[in-house]
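Chemist: My file is entry_3.cif. It has mmCIF, C-alpha atoms:
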```
data_query
loop_
_atom_site.label_atom_id
_atom_site.label_comp_id
_atom_site.auth_asym_id
_atom_site.auth_seq_id
_atom_site.Cartn_x
_atom_site.Cartn_y
_atom_site.Cartn_z
CA MET X 1 -56.93 63.38 -56.87
CA GLU X 2 -53.43 64.39 -57.39
CA GLU X 3 -53.40 66.01 -54.01
CA LYS X 4 -54.53 62.81 -52.43
CA ASP X 5 -51.78 60.94 -54.23
CA ILE X 6 -49.21 63.48 -53.11
CA ASN X 7 -50.46 63.29 -49.52
CA ILE X 8 -50.23 59.51 -49.57
CA GLU X 9 -46.72 59.66 -50.97
CA ASP X 10 -45.76 62.23 -48.34
CA GLU X 11 -47.09 60.02 -45.60
CA GLU X 12 -45.18 57.04 -46.98
CA LEU X 13 -41.99 59.10 -47.10
CA LYS X 14 -42.51 60.24 -43.52
CA GLU X 15 -42.99 56.63 -42.39
CA GLN X 16 -39.80 55.58 -44.15
CA GLU X 17 -37.91 58.43 -42.51
CA ASN X 18 -39.29 57.47 -39.10
CA GLU X 19 -38.22 53.86 -39.63
CA GLU X 20 -34.72 54.94 -40.65
CA LEU X 21 -34.48 57.19 -37.60
CA SER X 22 -35.59 54.40 -35.29
CA GLU X 23 -33.01 52.03 -36.84
CA ASN X 24 -30.30 54.65 -36.35
CA SER X 25 -31.31 55.16 -32.73
CA GLU X 26 -31.18 51.36 -32.13
CA GLU X 27 -27.69 51.24 -33.57
CA ALA X 28 -26.72 54.13 -31.32
CA ALA X 29 -28.11 52.26 -28.34
CA ILE X 30 -25.66 49.31 -28.82
CA PRO X 31 -23.29 49.36 -25.87
CA LYS X 32 -19.67 50.22 -26.39
CA GLU X 33 -18.64 46.80 -24.97
CA ALA X 34 -20.34 45.03 -27.84
CA GLU X 35 -18.49 47.28 -30.25
CA GLN X 36 -15.21 46.44 -28.48
CA THR X 37 -15.78 42.69 -28.69
CA GLU X 38 -16.51 43.01 -32.37
CA GLU X 39 -13.33 45.01 -32.79
CA LYS X 40 -11.23 42.53 -30.73
CA ASP X 41 -9.05 40.26 -32.79
CA PRO X 42 -10.11 36.58 -32.50
CA LEU X 43 -6.46 35.56 -32.22
CA THR X 44 -5.94 37.84 -29.23
CA ALA X 45 -9.09 36.53 -27.57
CA ALA X 46 -7.96 32.94 -28.12
CA GLN X 47 -4.52 33.69 -26.69
CA GLU X 48 -6.06 35.24 -23.58
CA GLU X 49 -8.27 32.18 -23.11
CA ILE X 50 -5.23 29.93 -23.55
CA GLU X 51 -3.38 31.90 -20.86
CA THR X 52 -6.26 31.57 -18.36
CA LEU X 53 -6.60 27.85 -19.07
CA LYS X 54 -2.84 27.39 -18.75
CA ASP X 55 -2.91 29.17 -15.39
CA LYS X 56 -5.75 26.94 -14.16
CA TYR X 57 -3.90 23.85 -15.37
CA LEU X 58 -0.66 24.83 -13.63
CA ARG X 59 -2.52 25.54 -10.40
CA SER X 60 -4.25 22.15 -10.56
CA VAL X 61 -0.95 20.36 -11.18
CA ALA X 62 0.66 22.20 -8.27
CA GLU X 63 -2.25 21.35 -5.95
CA PHE X 64 -2.07 17.68 -6.93
CA ASP X 65 1.70 17.61 -6.42
CA ASN X 66 1.32 19.13 -2.94
CA TYR X 67 -1.40 16.58 -2.12
CA ARG X 68 0.83 13.70 -3.29
CA LYS X 69 3.79 14.94 -1.23
CA ARG X 70 1.61 15.40 1.85
CA THR X 71 0.13 11.89 1.61
CA LEU X 72 3.59 10.35 1.11
CA LYS X 73 4.84 12.17 4.20
CA GLU X 74 1.81 11.04 6.23
CA ARG X 75 2.27 7.45 5.06
CA ALA X 76 5.97 7.51 6.04
CA GLU X 77 5.05 8.85 9.49
CA LEU X 78 2.41 6.13 9.89
CA ILE X 79 4.94 3.44 9.02
CA LEU X 80 7.51 4.84 11.43
CA ASN X 81 5.15 5.57 14.31
CA GLY X 82 2.22 3.25 13.56
CA GLY X 83 3.19 0.76 16.24
CA GLU X 84 3.38 3.43 18.94
CA LYS X 85 -0.08 2.62 20.29
CA VAL X 86 0.70 -1.10 20.56
CA ILE X 87 4.09 -0.50 22.14
CA LEU X 88 2.58 1.83 24.74
CA ALA X 89 0.03 -0.88 25.55
CA ILE X 90 2.77 -3.53 25.94
CA LEU X 91 5.09 -1.48 28.17
CA PRO X 92 3.13 -2.26 31.38
CA VAL X 93 3.63 -5.98 30.68
CA ILE X 94 7.39 -5.43 30.51
CA ASP X 95 7.19 -3.55 33.82
CA ASP X 96 5.33 -6.50 35.37
CA MET X 97 7.90 -8.96 34.04
CA GLU X 98 10.76 -6.91 35.50
CA ARG X 99 9.01 -6.85 38.89
CA ALA X 100 8.46 -10.62 38.69
CA ILE X 101 12.12 -11.22 37.90
CA GLU X 102 13.18 -8.97 40.78
CA ASN X 103 10.78 -10.66 43.23
CA GLY X 104 11.72 -14.13 41.91
CA THR X 105 15.12 -13.82 43.52
CA LYS X 106 13.46 -13.23 46.91
CA THR X 107 11.45 -16.47 46.94
CA ASP X 108 12.14 -20.13 46.31
CA ASP X 109 8.46 -21.11 45.97
CA PRO X 110 7.77 -22.10 42.32
CA GLU X 111 4.02 -21.72 42.85
CA VAL X 112 4.41 -17.99 43.52
CA LEU X 113 6.47 -17.60 40.34
CA ARG X 114 3.93 -19.60 38.33
CA GLU X 115 1.07 -17.47 39.65
CA GLY X 116 2.96 -14.27 38.74
CA MET X 117 3.67 -15.54 35.23
CA THR X 118 0.01 -16.53 34.81
CA LEU X 119 -1.14 -13.05 35.80
CA ILE X 120 1.35 -11.43 33.41
CA HIS X 121 0.21 -13.77 30.59
CA GLN X 122 -3.46 -12.92 31.20
CA LYS X 123 -2.68 -9.21 31.18
CA PHE X 124 -0.73 -9.57 27.94
CA VAL X 125 -3.55 -11.52 26.25
CA LYS X 126 -6.06 -8.82 27.28
CA ILE X 127 -3.83 -6.13 25.80
CA LEU X 128 -3.55 -8.04 22.53
CA GLU X 129 -7.33 -8.52 22.43
CA SER X 130 -7.82 -4.79 22.95
CA GLN X 131 -5.57 -4.23 19.92
CA GLY X 132 -7.71 -6.59 17.79
CA VAL X 133 -5.60 -9.75 18.09
CA ASN X 134 -7.66 -12.89 18.72
CA LEU X 135 -6.78 -16.56 19.10
CA ILE X 136 -7.93 -18.96 16.36
CA GLU X 137 -10.11 -21.65 17.94
CA THR X 138 -8.86 -25.19 17.35
CA ASN X 139 -10.62 -27.36 19.98
CA ASN X 140 -12.91 -29.82 18.13
CA ALA X 141 -12.85 -27.51 15.11
CA ASP X 142 -13.24 -28.66 11.52
CA PHE X 143 -10.01 -28.32 9.57
CA ASP X 144 -10.11 -25.05 7.61
CA THR X 145 -7.24 -24.19 5.28
CA ASP X 146 -7.97 -20.49 5.75
CA LEU X 147 -7.26 -20.75 9.48
CA HIS X 148 -5.20 -23.89 10.00
CA GLU X 149 -1.99 -25.36 8.63
CA ALA X 150 -1.85 -29.17 8.75
CA VAL X 151 1.58 -30.32 9.90
CA ALA X 152 0.54 -33.91 10.63
CA MET X 153 -2.17 -36.34 9.57
CA VAL X 154 -3.26 -38.80 12.27
CA PRO X 155 -4.70 -42.04 10.83
CA GLY X 156 -7.08 -44.44 12.58
CA MET X 157 -8.99 -41.87 14.63
CA GLY X 158 -12.41 -42.98 13.40
CA ASP X 159 -14.99 -41.39 11.15
CA ASP X 160 -16.09 -38.85 13.76
CA LYS X 161 -12.55 -37.37 13.89
CA LYS X 162 -11.96 -37.39 10.13
CA GLY X 163 -11.25 -33.83 8.91
CA LYS X 164 -11.21 -32.50 12.48
CA VAL X 165 -8.37 -30.85 14.36
CA ILE X 166 -6.91 -33.43 16.76
CA ASP X 167 -4.13 -31.40 18.35
CA CYS X 168 -2.82 -27.84 18.14
CA LEU X 169 0.96 -27.68 17.94
CA LEU X 170 1.22 -23.89 17.57
CA LYS X 171 -1.57 -21.42 18.23
CA GLY X 172 -2.77 -19.19 15.42
CA TYR X 173 -3.90 -15.58 15.63
CA LYS X 174 -6.10 -13.15 13.70
CA LEU X 175 -5.81 -9.39 13.63
CA ASN X 176 -9.21 -7.84 12.96
CA ASP X 177 -10.46 -10.92 11.05
CA LYS X 178 -7.22 -11.23 9.05
CA VAL X 179 -5.13 -14.31 9.79
CA ILE X 180 -1.66 -13.17 10.81
CA ARG X 181 -0.45 -16.64 11.83
CA HIS X 182 -2.10 -19.93 10.89
CA ALA X 183 -2.59 -22.48 13.65
CA LYS X 184 -0.30 -25.49 13.12
CA VAL X 185 -2.45 -28.53 13.80
CA ALA X 186 -2.65 -32.29 13.53
CA VAL X 187 -5.68 -33.47 11.54
CA GLY X 188 -7.60 -36.76 11.82
CA GLN X 189 -7.57 -38.93 8.72
#
```
Would you put the structure from the file into structure tokens?
Modeler:
Amino acid sequence: MEEKDINIEDEELKEQENEELSENSEEAAIPKEAEQTEEKDPLTAAQEEIETLKDKYLRSVAEFDNYRKRTLKERAELILNGGEKVILAILPVIDDMERAIENGTKTDDPEVLREGMTLIHQKFVKILESQGVNLIETNNADFDTDLHEAVAMVPGMGDDKKGKVIDCLLKGYKLNDKVIRHAKVAVGQ
């Protein structure tokens, strides 16, 4: 029996040795990088992270500053040159007016001058419409404070004319649905 006990104890010792060897081999298998991170000072690691975050922050601030400067420059250019399209559209009207003035000295017929002025006016109105400028309608329109400015109240016009535009003293205009000049009107009372 003692031999059996000794054999059992020997087997148990061998198993313990095998387990210790396998634990040692696992520790040996740990990569050197893991050992380095364990050895690295937490303060140094934190300082490195601070430096990378600081670099990212400074780059972001610089990018935003460049963006702000670029948009300010673009806005200034728009303000300076924004009307270029409209001015280029109006120049042909000025050319027509100069031709009408030049030809007006050659004729004494007022009808010819009136016809020329009418054509120039029509051309100018078309150019304004192409730029988004539209006339505010006032004929038989209800008085609307968003579109009209009452400069006179006309009493005694009857119930059917009450609150209606009677006469337009100065035409009003809208630019792309925004009123740029209210129509000055007389309103029935």
Chemist: I need the residue nearest Arg99 (chain X) from this list: X:Leu53, X:Leu113, X:Asn140, X:Phe124. Use all atoms listed in the file for the distance.
Modeler: X:Leu113
Chemist: Taking the file above as input, evaluate the PyMOL selection byres ((chain X and resi 158-164) around 8) and report the hits as a list of chain:residue names.
Modeler: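 Selected by the PyMOL selection byres ((chain X and resi 158-164) around 8) in this file: X:Asn140, X:Ala141, X:Asp142, X:Phe143, X:Gly156, X:Met157, X:Val165, X:Ile166, X:Val187, X:Gly188, X:Gln189.
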Chemist: Quick one, how far is CA of Glu149 (chain X) from CA of Asn176 (chain X)?
Modeler: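 Going from CA of Glu149 (chain X) over to CA of Asn176 (chain X), I get 19.4 Å.
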Chemist: Mind pulling up the distance from CA of Val185 (chain X) to CA of Pro155 (chain X)?
Modeler: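 Here the two named atoms are 14.0 Å from each other.
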Chemist: So which one's closest to Asp95 (chain X), X:Leu78, X:Ala152, X:Lys73, X:Lys123? Using all atoms listed in the file, please.
Modeler: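 Smallest distance to Asp95 (chain X) is found for X:Lys123.
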Chemist: Could you list, as a ChimeraX atom specification, every residue within 9 Å of Lys174 (chain X), counting all atoms listed in the file and ignoring same-chain residues fewer than 6 positions away?
Modeler: /X:132-136,147,180-182
Chemist: To one decimal place, how far is CA of Asn139 (chain X) from CA of Gly116 (chain X) in Å?
Modeler: 26.6 Å
Chemist: Between X:Gln131, X:Asn66, X:Thr107, X:Gln47, which one has atoms that come closest to Glu84 (chain X), using all atoms listed in the file?
Modeler: X:Gln131
Chemist: Under the rule that only C-alpha atoms are counted, which of X:Asp167, X:Lys106, X:Val86, X:Val112 is the nearest residue to Ile127 (chain X)?
Modeler: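 Checking each of X:Asp167, X:Lys106, X:Val86, X:Val112 against Ile127 (chain X), counting only C-alpha atoms, the winner is X:Val86.
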